[in-house]
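Here is the file my_file-v9.cif (mmCIF, C-alpha atoms).
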```cif
data_model
#
loop_
_atom_site.label_atom_id
_atom_site.label_comp_id
_atom_site.auth_asym_id
_atom_site.auth_seq_id
_atom_site.Cartn_x
_atom_site.Cartn_y
_atom_site.Cartn_z
CA MET Q 483 130.45 144.03 68.58
CA THR Q 484 130.13 141.44 65.81
CA THR Q 485 133.25 142.16 63.81
CA SER Q 486 132.67 139.43 61.25
CA ASN Q 487 129.59 141.27 59.93
CA ALA Q 488 131.34 144.63 59.50
CA VAL Q 489 133.81 143.66 56.78
CA THR Q 490 134.13 140.57 54.61
CA ARG Q 491 137.57 139.35 55.61
CA ARG Q 492 140.07 138.30 52.95
CA THR Q 493 143.26 136.57 54.01
CA PHE Q 494 145.48 138.55 51.62
CA ASP Q 495 145.46 139.23 47.91
CA GLY Q 496 148.01 142.03 47.50
CA ASP Q 497 151.74 142.14 46.77
CA SER Q 498 154.10 139.85 48.63
CA THR Q 499 157.77 138.98 48.65
CA GLU Q 500 159.80 136.02 49.86
CA LEU Q 501 160.96 136.23 53.47
CA HIS Q 502 164.67 136.04 52.69
CA THR Q 503 164.51 139.26 50.63
CA LEU Q 504 163.45 141.16 53.78
CA CYS Q 505 166.18 139.76 56.04
CA VAL Q 506 169.86 140.22 56.69
CA ALA Q 507 170.10 136.57 57.76
CA ILE Q 508 168.00 133.48 58.45
CA SER Q 509 170.04 131.10 60.61
CA ASP Q 510 169.23 127.63 61.88
CA CYS Q 511 170.03 126.72 65.48
CA HIS Q 512 172.62 124.16 66.54
CA HIS Q 513 171.18 120.64 66.44
CA SER Q 514 172.48 119.64 69.83
CA THR Q 515 171.37 119.91 73.44
CA PRO Q 516 172.99 122.80 75.33
CA ASN Q 517 174.89 122.14 78.52
CA TRP Q 518 172.22 123.15 81.03
CA THR Q 519 173.23 125.15 84.12
CA ASN Q 520 171.37 126.75 87.02
CA GLU Q 521 172.55 130.21 86.02
CA GLY Q 522 174.59 131.89 83.29
CA TRP Q 523 173.55 132.76 79.73
CA ILE Q 524 169.88 132.64 78.73
CA VAL Q 525 168.79 129.91 76.31
CA VAL Q 526 165.51 130.56 74.46
CA ARG Q 527 163.55 127.32 73.99
CA SER Q 528 160.43 126.43 71.99
CA GLU Q 529 158.24 126.59 75.10
CA ASN Q 530 159.29 130.23 75.62
CA ILE Q 531 157.64 131.28 72.33
CA LYS Q 532 153.87 131.58 72.14
CA ASN Q 533 151.27 133.94 70.71
CA GLY Q 534 153.80 136.32 69.18
CA LYS Q 535 155.79 136.71 72.40
CA ILE Q 536 159.03 135.43 73.87
CA SER Q 537 158.37 134.88 77.57
CA LEU Q 538 161.28 134.28 79.90
CA ASN Q 539 159.22 133.64 83.02
CA SER Q 540 160.61 130.11 82.94
CA THR Q 541 164.22 130.63 81.98
CA SER Q 542 166.88 128.09 81.01
CA PHE Q 543 170.62 128.77 81.21
CA THR Q 544 173.91 127.52 79.81
CA ASP Q 545 177.62 128.16 80.41
CA GLU Q 546 179.98 130.60 78.67
CA ALA Q 547 181.57 128.04 76.33
CA THR Q 548 178.23 126.67 75.14
CA PHE Q 549 176.82 130.17 74.70
CA ARG Q 550 179.79 131.24 72.51
CA GLU Q 551 179.44 128.12 70.40
CA ARG Q 552 175.72 128.63 69.86
CA ILE Q 553 176.04 132.26 68.75
CA SER Q 554 178.93 131.50 66.36
CA ARG Q 555 176.67 131.28 63.29
CA SER Q 556 174.66 134.39 64.07
CA LYS Q 557 174.34 136.33 67.31
CA PRO Q 558 170.75 136.89 68.48
CA GLU Q 559 170.02 140.56 69.22
CA PRO Q 560 167.01 142.51 70.54
CA GLY Q 561 164.56 143.04 67.67
CA ASP Q 562 165.50 139.76 65.96
CA LEU Q 563 162.73 137.20 65.48
CA ILE Q 564 162.82 133.56 66.56
CA ILE Q 565 160.50 131.00 64.97
CA THR Q 566 159.86 127.40 66.07
CA ARG Q 567 160.52 124.64 63.53
CA GLU Q 568 158.49 121.96 65.28
CA ALA Q 569 156.50 121.04 68.38
CA PRO Q 570 154.76 123.39 67.68
CA MET Q 571 155.66 124.67 64.23
CA GLY Q 572 155.46 128.36 63.32
CA GLU Q 573 155.28 130.08 66.73
CA ILE Q 574 157.22 133.33 66.48
CA GLY Q 575 158.36 136.09 68.82
CA MET Q 576 160.75 139.03 69.02
CA ILE Q 577 163.77 139.13 71.33
CA PRO Q 578 162.99 141.81 73.96
CA GLU Q 579 165.23 144.79 74.60
CA GLY Q 580 167.99 144.15 77.13
CA VAL Q 581 168.02 140.39 76.59
CA THR Q 582 171.23 138.58 75.61
CA CYS Q 583 170.54 134.98 74.66
CA CYS Q 584 171.29 132.01 72.45
CA LEU Q 585 168.93 129.51 70.82
CA GLY Q 586 167.97 126.05 72.02
CA GLN Q 587 166.95 123.33 69.57
CA ARG Q 588 164.31 123.38 66.79
CA LEU Q 589 164.47 127.16 66.41
CA VAL Q 590 165.47 129.57 63.64
CA LEU Q 591 166.84 133.10 64.05
CA ILE Q 592 165.47 135.74 61.65
CA LYS Q 593 167.25 139.10 61.35
CA PRO Q 594 164.99 141.66 59.62
CA ASP Q 595 166.66 144.15 57.26
CA ALA Q 596 165.74 147.56 58.72
CA THR Q 597 166.14 149.20 55.29
CA LYS Q 598 163.43 146.99 53.79
CA VAL Q 599 160.86 146.20 56.47
CA ASP Q 600 159.69 147.36 59.88
CA LYS Q 601 160.60 144.55 62.29
CA HIS Q 602 157.32 144.80 64.22
CA TYR Q 603 155.35 144.68 60.97
CA LEU Q 604 157.26 141.53 59.96
CA LEU Q 605 156.46 139.96 63.33
CA TYR Q 606 152.74 140.55 62.85
CA ALA Q 607 152.83 139.60 59.16
CA MET Q 608 154.32 136.23 60.06
CA GLN Q 609 151.49 135.62 62.52
CA SER Q 610 148.88 136.35 59.84
CA GLU Q 611 146.64 133.60 58.51
CA PHE Q 612 148.18 134.14 55.07
CA VAL Q 613 151.67 133.19 56.30
CA GLN Q 614 150.63 130.61 58.90
CA LYS Q 615 148.74 128.65 56.24
CA GLN Q 616 151.97 128.48 54.26
CA VAL Q 617 153.81 127.31 57.35
CA GLY Q 618 151.23 124.60 57.94
CA ALA Q 619 151.42 123.43 54.32
CA SER Q 620 155.24 123.52 54.18
CA ASP Q 621 155.88 120.21 55.92
CA ASP Q 622 156.67 117.54 53.35
CA THR Q 623 159.05 115.45 55.45
CA GLY Q 624 156.60 112.57 55.80
CA SER Q 625 157.48 112.21 59.47
CA THR Q 626 154.98 112.09 62.32
CA VAL Q 627 156.39 115.36 63.72
CA SER Q 628 155.79 118.45 61.57
CA ASN Q 629 158.99 120.28 60.69
CA LEU Q 630 159.49 123.69 59.09
CA ARG Q 631 162.47 123.30 56.76
CA ILE Q 632 164.85 126.23 56.25
CA PRO Q 633 164.57 126.39 52.41
CA LEU Q 634 160.78 126.59 52.70
CA LEU Q 635 160.99 129.12 55.52
CA ARG Q 636 163.18 131.37 53.38
CA LYS Q 637 160.58 131.29 50.57
CA LEU Q 638 157.53 132.12 52.65
CA ALA Q 639 155.51 134.82 50.90
CA ILE Q 640 155.25 137.85 53.19
CA PRO Q 641 152.41 140.33 52.56
CA LEU Q 642 153.60 143.86 51.82
CA LEU Q 643 151.50 146.95 52.27
CA GLY Q 644 153.01 150.36 51.55
CA ASP Q 645 156.34 151.73 52.67
CA LYS Q 646 157.93 151.47 56.11
CA SER Q 647 155.84 154.38 57.34
CA ALA Q 648 152.63 152.50 56.51
CA GLN Q 649 154.07 149.34 58.04
CA LYS Q 650 154.82 151.20 61.28
CA ARG Q 651 151.25 152.49 61.43
CA ILE Q 652 149.90 148.96 60.98
CA SER Q 653 152.19 147.45 63.59
CA GLY Q 654 151.44 150.39 65.90
CA VAL Q 655 147.71 149.65 65.92
CA LEU Q 656 148.31 145.98 66.68
CA ALA Q 657 151.03 146.74 69.23
CA SER Q 658 148.71 149.06 71.16
CA LEU Q 659 146.23 146.20 71.56
CA ASP Q 660 149.04 143.86 72.64
CA ALA Q 661 150.29 146.45 75.14
CA LYS Q 662 146.84 146.60 76.76
CA ILE Q 663 146.67 142.81 76.86
CA ASP Q 664 150.12 142.67 78.49
CA LEU Q 665 149.11 145.30 81.06
CA ASN Q 666 145.97 143.36 81.92
CA ASN Q 667 148.04 140.20 82.32
CA ARG Q 668 150.45 141.94 84.70
CA VAL Q 669 147.61 143.32 86.81
CA SER Q 670 145.96 139.89 86.84
CA SER Q 671 149.24 138.30 88.00
CA GLU Q 672 149.48 140.81 90.83
CA LEU Q 673 145.90 140.09 91.87
CA ASP Q 674 146.65 136.36 91.83
CA ALA Q 675 149.75 136.87 94.00
CA LEU Q 676 147.77 139.01 96.44
CA SER Q 677 145.00 136.41 96.63
CA ARG Q 678 147.47 133.65 97.42
CA THR Q 679 149.15 135.82 100.05
CA LEU Q 680 145.82 136.51 101.77
CA TYR Q 681 144.95 132.81 101.80
CA ASP Q 682 148.37 131.92 103.20
CA TYR Q 683 148.19 134.66 105.83
CA TRP Q 684 144.77 133.58 107.17
CA PHE Q 685 144.72 129.80 106.71
CA VAL Q 686 148.36 128.65 106.67
CA GLN Q 687 150.12 131.10 108.99
CA PHE Q 688 146.89 131.47 111.03
CA ASP Q 689 147.27 135.25 111.27
CA PHE Q 690 143.64 136.03 110.50
CA PRO Q 691 142.28 139.05 112.43
CA ASP Q 692 141.37 138.15 116.01
CA ALA Q 693 138.52 139.78 118.00
CA LYS Q 694 140.62 142.94 118.37
CA GLY Q 695 141.71 143.00 114.71
CA ARG Q 696 145.22 141.74 115.51
CA PRO Q 697 146.97 138.85 113.67
CA TYR Q 698 145.83 135.80 115.65
CA ARG Q 699 148.92 133.61 115.94
CA SER Q 700 151.49 136.44 116.01
CA SER Q 701 149.52 138.08 118.83
CA GLY Q 702 149.61 134.97 120.99
CA GLY Q 703 146.36 133.32 119.93
CA SER Q 704 145.88 129.89 121.50
CA MET Q 705 147.11 126.97 119.36
CA VAL Q 706 146.23 123.31 120.06
CA TRP Q 707 147.63 120.04 118.74
CA ASN Q 708 145.42 118.13 116.28
CA ASP Q 709 146.12 114.40 115.98
CA ALA Q 710 144.42 114.02 112.57
CA LEU Q 711 146.48 116.83 111.00
CA LYS Q 712 149.63 116.11 113.05
CA ARG Q 713 150.10 119.82 113.69
CA GLU Q 714 148.97 122.72 115.83
CA ILE Q 715 145.91 124.65 114.69
CA PRO Q 716 144.02 127.59 116.23
CA GLU Q 717 141.79 126.73 119.17
CA GLY Q 718 138.24 126.10 117.97
CA TRP Q 719 139.31 124.90 114.51
CA THR Q 720 138.69 121.29 113.48
CA ALA Q 721 140.14 118.76 111.03
CA ARG Q 722 138.01 118.09 107.96
CA THR Q 723 138.52 116.18 104.73
CA LEU Q 724 137.90 117.82 101.38
CA ASP Q 725 134.97 115.43 100.96
CA GLU Q 726 133.31 117.00 104.01
CA VAL Q 727 133.38 120.55 102.60
CA VAL Q 728 132.37 119.91 98.98
CA SER Q 729 128.93 118.96 97.67
CA ARG Q 730 129.88 117.41 94.32
CA THR Q 731 132.82 116.24 92.24
CA GLY Q 732 132.59 115.22 88.60
CA THR Q 733 134.38 115.20 85.26
CA GLY Q 734 133.72 115.80 81.61
CA LEU Q 735 133.53 113.07 79.00
CA ASN Q 736 135.86 111.25 76.61
CA PRO Q 737 134.69 111.47 72.98
CA ARG Q 738 135.14 107.71 72.44
CA ASP Q 739 131.72 106.16 71.75
CA ASN Q 740 130.07 109.38 72.96
CA PHE Q 741 130.56 112.11 70.35
CA VAL Q 742 132.87 113.27 67.56
CA LEU Q 743 135.53 115.97 67.93
CA GLY Q 744 136.14 118.58 65.27
CA LYS Q 745 132.56 119.55 64.50
CA GLY Q 746 130.73 122.66 65.65
CA SER Q 747 131.81 125.97 67.14
CA ASN Q 748 131.98 125.06 70.84
CA TYR Q 749 135.27 124.38 72.63
CA TYR Q 750 136.32 121.06 74.16
CA VAL Q 751 138.55 121.97 77.11
CA THR Q 752 141.32 119.59 78.18
CA ILE Q 753 144.15 120.01 80.70
CA LYS Q 754 146.22 121.92 78.12
CA ASN Q 755 143.51 124.60 77.96
CA VAL Q 756 143.44 125.25 81.74
CA THR Q 757 146.36 127.39 82.83
CA ASN Q 758 147.15 130.00 85.47
CA GLY Q 759 143.56 130.62 86.52
CA ARG Q 760 142.34 130.85 82.93
CA VAL Q 761 140.57 128.71 80.37
CA ILE Q 762 142.20 129.25 76.97
CA LEU Q 763 139.69 129.14 74.13
CA ASP Q 764 141.67 129.47 70.90
CA ASP Q 765 142.20 127.83 67.52
CA LYS Q 766 144.30 125.08 69.14
CA CYS Q 767 141.36 123.98 71.27
CA ASP Q 768 139.27 121.08 69.90
CA ARG Q 769 135.71 121.85 68.78
CA ILE Q 770 132.38 120.17 69.46
CA ASP Q 771 128.82 120.77 68.27
CA ASP Q 772 125.76 121.64 70.37
CA ALA Q 773 124.60 118.01 70.61
CA SER Q 774 128.01 116.96 71.97
CA MET Q 775 127.93 119.86 74.44
CA ALA Q 776 124.62 118.58 75.78
CA VAL Q 777 125.98 115.03 76.14
CA ILE Q 778 129.03 116.25 78.08
CA ASP Q 779 127.02 118.63 80.24
CA ARG Q 780 124.79 115.81 81.46
CA ARG Q 781 127.94 114.39 83.06
CA SER Q 782 129.90 117.53 84.03
CA GLN Q 783 126.93 119.73 85.08
CA LEU Q 784 129.14 122.80 85.11
CA GLN Q 785 127.75 125.82 86.90
CA ALA Q 786 128.96 129.13 88.26
CA GLY Q 787 130.93 128.67 91.47
CA ASP Q 788 132.43 125.31 90.49
CA VAL Q 789 136.21 124.97 90.45
CA LEU Q 790 138.03 123.09 87.68
CA PHE Q 791 141.00 120.95 88.74
CA THR Q 792 143.30 119.15 86.30
CA SER Q 793 143.62 115.51 87.39
CA ILE Q 794 146.68 114.42 85.36
CA GLU Q 795 150.04 116.06 84.82
CA PRO Q 796 150.21 118.90 85.36
CA VAL Q 797 147.99 117.93 88.30
CA GLY Q 798 146.21 120.66 90.23
CA VAL Q 799 145.85 123.57 87.79
CA THR Q 800 142.68 125.38 88.84
CA TYR Q 801 140.01 127.70 87.46
CA LEU Q 802 136.96 129.25 89.12
CA ILE Q 803 133.88 129.32 86.88
CA HIS Q 804 132.33 132.78 87.26
CA GLU Q 805 129.47 132.23 84.79
CA LYS Q 806 127.95 129.00 83.50
CA PRO Q 807 129.76 128.14 80.24
CA THR Q 808 127.69 128.49 77.10
CA ASN Q 809 130.29 127.59 74.45
CA TRP Q 810 132.67 125.14 76.15
CA ASN Q 811 132.79 122.03 78.29
CA ILE Q 812 135.45 119.72 79.70
CA ASN Q 813 136.97 116.30 79.07
CA GLU Q 814 137.37 113.44 81.52
CA SER Q 815 140.81 114.57 82.76
CA VAL Q 816 139.40 117.80 84.23
CA PHE Q 817 137.58 117.51 87.55
CA THR Q 818 134.76 119.90 88.43
CA ILE Q 819 134.41 120.44 92.19
CA ARG Q 820 131.50 122.22 93.85
CA PRO Q 821 131.73 123.70 97.35
CA ASN Q 822 129.26 122.88 100.09
CA MET Q 823 128.03 126.42 100.60
CA ASN Q 824 127.03 125.62 104.17
CA ALA Q 825 130.71 125.03 104.96
CA ILE Q 826 132.90 127.01 102.55
CA SER Q 827 132.76 129.42 99.59
CA SER Q 828 133.82 129.05 95.98
CA GLU Q 829 136.68 131.48 96.60
CA TYR Q 830 137.96 129.45 99.55
CA LEU Q 831 137.70 126.20 97.55
CA LEU Q 832 139.68 127.75 94.69
CA MET Q 833 142.53 128.87 96.92
CA LEU Q 834 142.52 125.63 98.91
CA LEU Q 835 142.84 123.58 95.71
CA SER Q 836 145.56 125.98 94.50
CA SER Q 837 147.53 125.95 97.77
CA SER Q 838 151.08 124.68 98.26
CA GLU Q 839 149.72 122.09 100.72
CA MET Q 840 147.42 120.71 98.05
CA ARG Q 841 150.24 120.67 95.49
CA ALA Q 842 152.43 118.69 97.88
CA PHE Q 843 149.55 116.29 98.60
CA THR Q 844 148.75 115.65 94.92
CA LYS Q 845 152.44 115.21 94.08
CA ASN Q 846 152.80 112.52 96.73
CA SER Q 847 149.43 110.91 95.95
CA SER Q 848 149.49 110.84 92.14
CA ALA Q 849 149.96 107.49 90.44
CA GLY Q 850 150.30 106.13 86.91
CA SER Q 851 153.00 104.61 84.73
CA ILE Q 852 152.55 106.92 81.72
CA HIS Q 853 150.64 109.99 82.91
CA LYS Q 854 150.61 110.50 86.65
CA GLY Q 855 147.23 111.53 87.97
CA ILE Q 856 144.97 111.59 91.00
CA ARG Q 857 141.58 109.94 91.57
CA HIS Q 858 138.49 111.56 93.07
CA ALA Q 859 138.55 109.42 96.19
CA VAL Q 860 142.20 110.19 96.88
CA LEU Q 861 141.74 113.91 96.32
CA LYS Q 862 138.71 114.02 98.61
CA SER Q 863 140.74 112.39 101.40
CA PHE Q 864 142.89 115.53 101.71
CA LYS Q 865 142.78 116.80 105.30
CA LEU Q 866 142.54 120.50 106.09
CA PRO Q 867 142.28 122.69 109.20
CA TYR Q 868 138.71 124.00 109.07
CA PRO Q 869 138.09 127.46 110.62
CA GLY Q 870 134.31 127.50 110.56
CA LYS Q 871 131.91 129.19 108.13
CA LYS Q 872 132.09 132.70 109.63
CA LEU Q 873 135.83 133.09 109.15
CA VAL Q 874 135.60 131.65 105.64
CA ASP Q 875 132.86 134.18 104.81
CA ASP Q 876 134.82 137.09 106.30
CA TRP Q 877 137.87 136.18 104.20
CA SER Q 878 135.77 135.56 101.07
CA THR Q 879 134.30 139.05 101.34
CA VAL Q 880 137.83 140.44 101.07
CA LEU Q 881 138.93 138.12 98.27
CA ARG Q 882 135.83 138.13 96.05
CA PRO Q 883 136.45 141.57 94.45
CA LEU Q 884 140.05 140.58 93.61
CA LEU Q 885 138.97 137.42 91.79
CA ARG Q 886 136.15 139.26 90.04
CA LYS Q 887 138.56 141.93 88.78
CA ALA Q 888 140.99 139.27 87.53
CA ASN Q 889 138.14 137.56 85.69
CA ASP Q 890 136.99 140.87 84.17
CA LEU Q 891 140.54 141.45 82.87
CA ASP Q 892 140.58 137.97 81.36
CA VAL Q 893 137.25 138.61 79.62
CA GLU Q 894 138.55 141.95 78.31
CA ASN Q 895 141.71 140.26 77.04
CA ARG Q 896 139.70 137.69 75.11
CA THR Q 897 137.82 140.54 73.41
CA LEU Q 898 141.05 142.44 72.66
CA THR Q 899 142.68 139.29 71.29
CA GLN Q 900 139.72 138.62 69.03
CA LEU Q 901 139.83 142.25 67.83
CA ARG Q 902 143.58 142.04 67.15
CA ASP Q 903 143.23 138.75 65.27
CA TRP Q 904 140.31 140.16 63.27
CA LEU Q 905 142.18 143.36 62.40
CA LEU Q 906 145.43 141.64 61.40
CA PRO Q 907 144.36 140.35 57.95
CA LEU Q 908 142.29 143.48 57.29
CA LEU Q 909 145.25 145.76 57.93
CA MET Q 910 147.55 143.53 55.91
CA ASN Q 911 145.11 143.53 53.04
CA GLY Q 912 144.38 147.25 53.09
CA GLN Q 913 140.68 146.73 53.91
CA VAL Q 914 141.15 148.80 57.07
CA HIS Q 915 143.60 151.67 57.11
CA ALA Q 916 145.82 152.70 60.01
CA HIS Q 917 146.21 156.48 60.23
CA ASP Q 918 148.74 158.66 61.96
CA ARG Q 919 147.56 159.90 65.33
#
```
This entry written out as structure tokens:
Amino acid sequence: MTTSNAVTRRTFDGDSTELHTLCVAISDCHHSTPNWTNEGWIVVRSENIKNGKISLNSTSFTDEATFRERISRSKPEPGDLIITREAPMGEIGMIPEGVTCCLGQRLVLIKPDATKVDKHYLLYAMQSEFVQKQVGASDDTGSTVSNLRIPLLRKLAIPLLGDKSAQKRISGVLASLDAKIDLNNRVSSELDALSRTLYDYWFVQFDFPDAKGRPYRSSGGSMVWNDALKREIPEGWTARTLDEVVSRTGTGLNPRDNFVLGKGSNYYVTIKNVTNGRVILDDKCDRIDDASMAVIDRRSQLQAGDVLFTSIEPVGVTYLIHEKPTNWNINESVFTIRPNMNAISSEYLLMLLSSSEMRAFTKNSSAGSIHKGIRHAVLKSFKLPYPGKKLVDDWSTVLRPLLRKANDLDVENRTLTQLRDWLLPLLMNGQVHAHDR
């Protein structure tokens, strides 16, 4: 589906009103660092807000006294919106049901007026290109860090389309796409957890199926001491280095003296674009043209089956390439590692590079005064207990469908996200109409 050819997209040219007229309150956060604790009251921070969501997977806490102080101006409630003032500027999300929280720094609390606007519609409207362009143009502080000032935030022009019933229909269409994206993400997370468990069970706990289908170590399988690994491993296994089970390691390319960023429609992937088994290709990703892609590819030589590995903090984030990239390539801080198919599989390499043992190794082996990182030679010196090709193949046969399904979900989510982002301005502008079901 080529959505751009179906309708000529206009950002917005209808009626609008200033944000403050649609809100009960717009309240700045306290400009102080909370007293951090290991448990207690939830503190929402800038890093918790991304892509229209407030994620509390990584949660920060404060004590009772600090919490009471930070809600004294305005108490955050489910359905309220929180927007980031800087680093980055303009990310917005809605406080989920059942969450009691206060705000960290560089955030603003927005309380929609239910008599004037549907809160979900306001959330989507503030993510629209029409509003985000205003946010981007609102910084006139002259500082090196962009900052969304409260007076300018209050005056943001919000697109209006119909009454609350029409707003609910618009937000309902977009919310249904988001719900599917969220479901796919949850399934993908479960598949990732299962994959890691299977790797741990076979190659860390050594409870792979023995000749009778029983867990090897738990059933009394013979274990022998290995001097190179300084540990017991199953009889018949050997110690190998990573260098002995891979066929190639490489990197992408720095633009300096090689090419120019910002031109073209291809994506230039850095460590910030590789996360949780995914490569994020969005508007925050740098762009390169076809000629630059060719220059980088001569160095990276990316192909299906390679595993990406971030070489500087955060070190060790991984991604398995399922199909040769046609519209993106990597920079010099992302390693590309290719398995020796006579020894291991791509699936095994992915889970090995993602393992807790590898994380501990890279943490202890990383160096650097500004950005800690790891070099190819050091990474390839990692020692592993090697089970032999047959056991790797048997395990890979089990794991391969799980990784394929997770990749299919990621591909579907990219399509759904593009559809949602394409529909947003059309719905706001009345070019596409949302009907009651």
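Each of Q:Leu656, Q:Ile762, Q:Leu835, Q:Ile640 was checked against Leu905 (chain Q) using only C-alpha atoms; the smallest atom-to-atom distance is that of Q:Leu656.
Closest to Ser537 (chain Q) among Q:Gly561, Q:Asp876, Q:Val581, Q:Leu589 is Q:Val581, based on all atoms listed in the file.
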Item to complete: Name every residue that the PyMOL selection byres ((chain Q and resi 684-697) around 12) selects in this structure, writing the answer as a PyMOL selection string with chains first and numbers rising.
Response: chain Q and resi 677-683+698-705+713-717+719+830+833-834+837-840+866-870+873-874+876-878+880-881
Practice prompt. Starting from the shown file, work through the PyMOL selection byres ((chain Q and resi 786) around 7) and note down what comes out as a PyMOL selection string.
Written response: chain Q and resi 785+787-788+803-806
So that I have them on file, write out the residues from the current selection with C-alpha atoms, as an mmCIF file, in the coordinates of the input.
```cif
data_model
loop_
_atom_site.group_PDB
_atom_site.id
_atom_site.type_symbol
_atom_site.label_atom_id
_atom_site.label_comp_id
_atom_site.auth_asym_id
_atom_site.auth_seq_id
_atom_site.Cartn_x
_atom_site.Cartn_y
_atom_site.Cartn_z
ATOM 1 C CA GLN Q 785 127.750 125.820 86.900
ATOM 2 C CA GLY Q 787 130.930 128.670 91.470
ATOM 3 C CA ASP Q 788 132.430 125.310 90.490
ATOM 4 C CA ILE Q 803 133.880 129.320 86.880
ATOM 5 C CA HIS Q 804 132.330 132.780 87.260
ATOM 6 C CA GLU Q 805 129.470 132.230 84.790
ATOM 7 C CA LYS Q 806 127.950 129.000 83.500
#
```
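On the file presented, the PyMOL selection byres ((chain Q and resi 809) around 10) picks out Ser747, Asn748, Tyr749, Tyr750, Leu763, Arg769, Ile770, Asp771, Asp772, Met775, Lys806, Pro807, Thr808, Trp810 and Asn811 of chain Q.
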Item to complete: In Å, rounded to a single decimal, give me how far CA of Glu529 (chain Q) is from CA of Glu795 (chain Q).
Response: 16.5 Å
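For the atom pair formed by CA of Val526 (chain Q) and CA of Thr499 (chain Q), the distance is 28.2 Å, given to one decimal.
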Worksheet item: Suppose you want the space between CA of Leu861 (chain Q) and CA of Leu673 (chain Q); what is it in Å?
Response: 26.9 Å
Item to complete: Excluding Pro594 (chain Q) and any residue of its chain fewer than 3 positions from it, enumerate the residues within 8 Å of it, using only C-alpha atoms, and give them as a VMD selection string.
Response: chain Q and resid 504 to 507 562 to 563 599 to 601 604
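Residues surrounding region 896-899 of chain Q within 8 Å are Leu659, Asp660, Ile663, Asp892, Val893, Glu894, Leu901, Arg902 and Asp903 of chain Q [all atoms listed in the file; sequence separation below 2 positions excluded].
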